[in-house]
Amino acid sequence: MKIATWNVNSLKVRLPHVLDWLAAQQPDALCLQETKTEDTGFPFDALAAAGYRAIHNGQKTYNGVAILSRSEPEDVLRDIPAFADAQKRVIAATVKGVRLVCVYIPNGQAVGAEKYEYKLRWLNALQDWLADEIARHPRLALLGDYNIAPEDRDVHDPVAWQGQILCSDAERAAFRKLACLGLRDAFRLFDQPEKSFSWWDYRAAGFRRNLGLRIDHILLSGPLAERCRTCLVDTAPRRLERPSDHAPVLAELAD
DNA sequence: ATGGCTTGAGTGTCAAGA
């Protein structure tokens with residue numbers, strides 16, 4: 001089973017890239033972030049023609065998350081229960097017996113900003129909910145744009161980024177708390193090339209110079225981590241014309 | 001040099017991203 005996550009930075013703009021990537025990689029499920037549309041603008045038909053069902057938790061202009069899958073998604077859930085949030089950042093479903101939780105974790109803007117406090121509150125609510133969700137679904141994968149670079153090796157210039165947004169102690173501590181729930185970073189289950197990133201700034205030729213951060217992740221509960229055979233960042237779509245600033249992350253699980 | 005680009009909204013130019 002192949003599962004993946006990709007922040008597409010507008011699904012309307014990126015649909016051709018998504019369709020090409022689905023055809024090339026044939027994932028069983030793909031989690032999307034930043035669809036930036038309501039259901040009325042969501043390309044259900046084009047995805048169905050490509051063989052994918054879609055569930056969406058969308059909003060106008062900002063945020064928006066979706067799960068595409070080749071088989072029927074079950075037990076669909078939108079938003080974190082018991083956490084009042086106007087922003088559409090979570091959708092979950094069970095696909096082929098695996099609980100997929102797709103998240104677009106808040107950016108936070110800057111350490112100390114109001115949006116940063118929201119990010120930390122949001123992460124707390126996520127952890128509280130996931131503790132229950134993992135108990136209910138032992139085979140769980142948490143996929144998405146975390147907006148957290150977990151370690152210095154996930155940052156192109158750790159000195160420049162030290163203590164900054166995406167790298168602050170509180171954000172990294174929140175990431176490590178997810179590990180305490182039994183979730184493991186699929187990417188780090190394997191040897192990986194140095195300077196592996198999943199996001200590069202559009203400005204200053206960030207991708208060409210590989211000035212990036214690894215902020216998109218697939219975390220797996222114990223039973224799924226045992227089944228994980230590969231995990232990689234596919235940088236190919238980042239090279240295309242009009243790319244998303246994020247690249248997809250893909251994990252393969254043994255049956 | 002706190003910018004650089006890209007998107008959505010909407011027709012001016014800004015907010016937001018990370």
# chains A, B, ... in the order shown; residues from 1 in each chain; ligands from 1
call {"tool": "residues_around", "arguments": {"residues": "stretch 162-165 of chain A", "least_positions_apart": "5", "cutoff": "9 Å", "atoms": "only C-alpha atoms (C1' of nucleotides)", "output": "list in words"}}
result
Asn107, Gly108, Gln109, Ala110, Val111, Tyr116, Asn147, Ile148, Asp152, Asp157 and Glu171 of chain A; DA18 of chain B
call {"tool": "interface_residues", "arguments": {"of": "chain A", "to": "chain B", "cutoff": "7 Å", "atoms": "only C-alpha atoms (C1' of nucleotides)", "output": "PyMOL selection string"}}
result
chain A and resi 61+107+202-204
call {"tool": "write_last_selection", "arguments": {"atoms": "N, CA and C atoms", "output": "compact mmCIF listing (two decimals), in the first residue's frame"}}
result
# COMPACT_ATOMS: atom_id res chain seq x y z
N THR A 61 -10.20 30.41 -0.32
CA THR A 61 -8.94 31.17 -0.27
C THR A 61 -7.81 30.50 0.51
N ASN A 107 0.93 27.50 10.33
CA ASN A 107 2.30 28.00 10.11
C ASN A 107 2.86 28.70 11.34
N TYR A 202 9.88 29.95 -2.83
CA TYR A 202 9.81 30.36 -4.23
C TYR A 202 10.85 31.43 -4.55
N ARG A 203 11.18 32.21 -3.53
CA ARG A 203 12.07 33.35 -3.75
C ARG A 203 13.53 32.92 -3.73
N ALA A 204 14.35 33.73 -4.34
CA ALA A 204 15.80 33.55 -4.27
C ALA A 204 16.25 32.18 -4.77
call {"tool": "atom_distance", "arguments": {"atom1": "atom CA of A:Arg238", "atom2": "atom CA of A:Leu224"}}
result
28.0 Å
call {"tool": "residues_around", "arguments": {"residues": "A:Ser198", "least_positions_apart": "3", "cutoff": "7 Å", "atoms": "only C-alpha atoms (C1' of nucleotides)", "output": "number ranges by chain"}}
result
A: 212-216, 233, 246-247
call {"tool": "select_by_dssp", "arguments": {"residues": "stretch 80-152 of chain A", "states": "alpha helix (DSSP H)", "output": "ChimeraX atom specification"}}
result
/A:114-136
call {"tool": "write_last_selection", "arguments": {"atoms": "C-alpha atoms", "output": "tab-separated table (two decimals), in the first residue's frame"}}
result
chain	number	residue	atom	x	y	z
A	114	GLU	CA	-0.86	35.42	18.03
A	115	LYS	CA	-0.75	32.85	15.22
A	116	TYR	CA	2.11	31.10	17.01
A	117	GLU	CA	-0.01	30.74	20.16
A	118	TYR	CA	-2.80	29.37	17.96
A	119	LYS	CA	-0.34	26.87	16.45
A	120	LEU	CA	0.70	25.60	19.89
A	121	ARG	CA	-2.93	25.36	21.06
A	122	TRP	CA	-3.77	23.55	17.86
A	123	LEU	CA	-0.93	21.06	18.37
A	124	ASN	CA	-2.13	20.38	21.92
A	125	ALA	CA	-5.64	19.68	20.68
A	126	LEU	CA	-4.25	17.40	17.96
A	127	GLN	CA	-2.27	15.37	20.49
A	128	ASP	CA	-5.23	14.99	22.84
A	129	TRP	CA	-7.45	13.82	20.02
A	130	LEU	CA	-4.84	11.48	18.49
A	131	ALA	CA	-4.35	9.67	21.79
A	132	ASP	CA	-7.99	8.56	21.51
A	133	GLU	CA	-7.84	8.04	17.77
A	134	ILE	CA	-4.81	5.71	18.00
A	135	ALA	CA	-6.51	3.73	20.76
A	136	ARG	CA	-9.50	3.34	18.45
call {"tool": "select_by_dssp", "arguments": {"residues": "stretch 18-152 of chain A", "states": "strand (DSSP E)", "output": "JSON, numbers by chain"}}
result
{"A": [29, 30, 31, 32, 33, 53, 54, 55, 56, 57, 65, 66, 67, 68, 69, 74, 75, 76, 77, 78, 90, 91, 92, 93, 94, 95, 98, 99, 100, 101, 102, 103, 104, 140, 141, 142, 143, 144, 145]}
call {"tool": "residues_around", "arguments": {"residues": "A:Arg89", "least_positions_apart": "5", "cutoff": "10 Å", "atoms": "only C-alpha atoms (C1' of nucleotides)", "output": "PyMOL selection string"}}
result
chain A and resi 33-34+57-59+62-66+78-80+102-106+144-145
call {"tool": "closest_residue", "arguments": {"among": "A:Asp85, A:Leu32, A:Val90, A:Ser196", "to": "A:Leu15", "atoms": "only C-alpha atoms"}}
result
A:Leu32
call {"tool": "residues_around", "arguments": {"residues": "A:Thr230", "least_positions_apart": "3", "cutoff": "9 Å", "atoms": "only C-alpha atoms (C1' of nucleotides)", "output": "VMD selection string"}}
result
chain A and resid 186 to 187 189 to 190 250 to 253
call {"tool": "write_last_selection", "arguments": {"atoms": "C-alpha atoms", "output": "PDB file, in the first residue's frame"}}
result
ATOM      1  CA  ALA A 186       8.612   7.108   8.378  1.00  0.00           C
ATOM      2  CA  PHE A 187      11.344   9.081   6.624  1.00  0.00           C
ATOM      3  CA  LEU A 189      13.146   4.687   9.521  1.00  0.00           C
ATOM      4  CA  PHE A 190      15.631   4.522   6.627  1.00  0.00           C
ATOM      5  CA  LEU A 250       5.536   8.924  -0.222  1.00  0.00           C
ATOM      6  CA  ALA A 251       5.661   5.813   1.966  1.00  0.00           C
ATOM      7  CA  GLU A 252       5.195   2.186   0.978  1.00  0.00           C
ATOM      8  CA  LEU A 253       3.686  -0.325   3.407  1.00  0.00           C
TER       9      LEU A 253
END
call {"tool": "residues_around", "arguments": {"residues": "stretch 137-143 of chain A", "least_positions_apart": "3", "cutoff": "9 Å", "atoms": "only C-alpha atoms (C1' of nucleotides)", "output": "ChimeraX atom specification"}}
result
/A:3-6,31,94,97-104,132-134,146,183,216-224,249
call {"tool": "write_last_selection", "arguments": {"atoms": "C-alpha atoms", "output": "PDB file, in the first residue's frame"}}
result
ATOM      1  CA  ILE A   3       0.326   6.458   0.930  1.00  0.00           C
ATOM      2  CA  ALA A   4       1.446  10.023   0.327  1.00  0.00           C
ATOM      3  CA  THR A   5       1.058  13.644   1.334  1.00  0.00           C
ATOM      4  CA  TRP A   6       1.430  16.827  -0.714  1.00  0.00           C
ATOM      5  CA  CYS A  31      -3.462  13.470   1.346  1.00  0.00           C
ATOM      6  CA  THR A  94     -10.057   4.692   6.939  1.00  0.00           C
ATOM      7  CA  GLY A  97      -7.938  -0.810   7.022  1.00  0.00           C
ATOM      8  CA  VAL A  98      -5.514   2.053   7.641  1.00  0.00           C
ATOM      9  CA  ARG A  99      -6.643   5.155   9.520  1.00  0.00           C
ATOM     10  CA  LEU A 100      -5.366   8.148   7.535  1.00  0.00           C
ATOM     11  CA  VAL A 101      -5.262  11.497   9.320  1.00  0.00           C
ATOM     12  CA  CYS A 102      -4.496  14.378   6.957  1.00  0.00           C
ATOM     13  CA  VAL A 103      -3.360  17.590   8.653  1.00  0.00           C
ATOM     14  CA  TYR A 104      -2.370  21.091   7.658  1.00  0.00           C
ATOM     15  CA  ASP A 132      -7.994   8.560  21.510  1.00  0.00           C
ATOM     16  CA  GLU A 133      -7.842   8.035  17.769  1.00  0.00           C
ATOM     17  CA  ILE A 134      -4.810   5.710  18.000  1.00  0.00           C
ATOM     18  CA  TYR A 146       3.386  19.923   9.859  1.00  0.00           C
ATOM     19  CA  LEU A 183       4.081   7.597  16.095  1.00  0.00           C
ATOM     20  CA  ASP A 216       6.038  17.552   5.430  1.00  0.00           C
ATOM     21  CA  HIS A 217       5.908  14.234   7.219  1.00  0.00           C
ATOM     22  CA  ILE A 218       4.348  10.787   7.423  1.00  0.00           C
ATOM     23  CA  LEU A 219       4.167   9.469  10.988  1.00  0.00           C
ATOM     24  CA  LEU A 220       3.206   5.844  11.507  1.00  0.00           C
ATOM     25  CA  SER A 221       1.866   3.962  14.511  1.00  0.00           C
ATOM     26  CA  GLY A 222       3.898   0.917  15.602  1.00  0.00           C
ATOM     27  CA  PRO A 223       2.069  -1.738  13.556  1.00  0.00           C
ATOM     28  CA  LEU A 224       2.386   0.396  10.394  1.00  0.00           C
ATOM     29  CA  VAL A 249       6.288  12.571   0.477  1.00  0.00           C
TER      30      VAL A 249
END
call {"tool": "residues_around", "arguments": {"residues": "A:Leu240", "least_positions_apart": "3", "cutoff": "12 Å", "atoms": "only C-alpha atoms (C1' of nucleotides)", "output": "PyMOL selection string"}}
result
chain A and resi 14+16-18+20-21+207+235-237+243-247
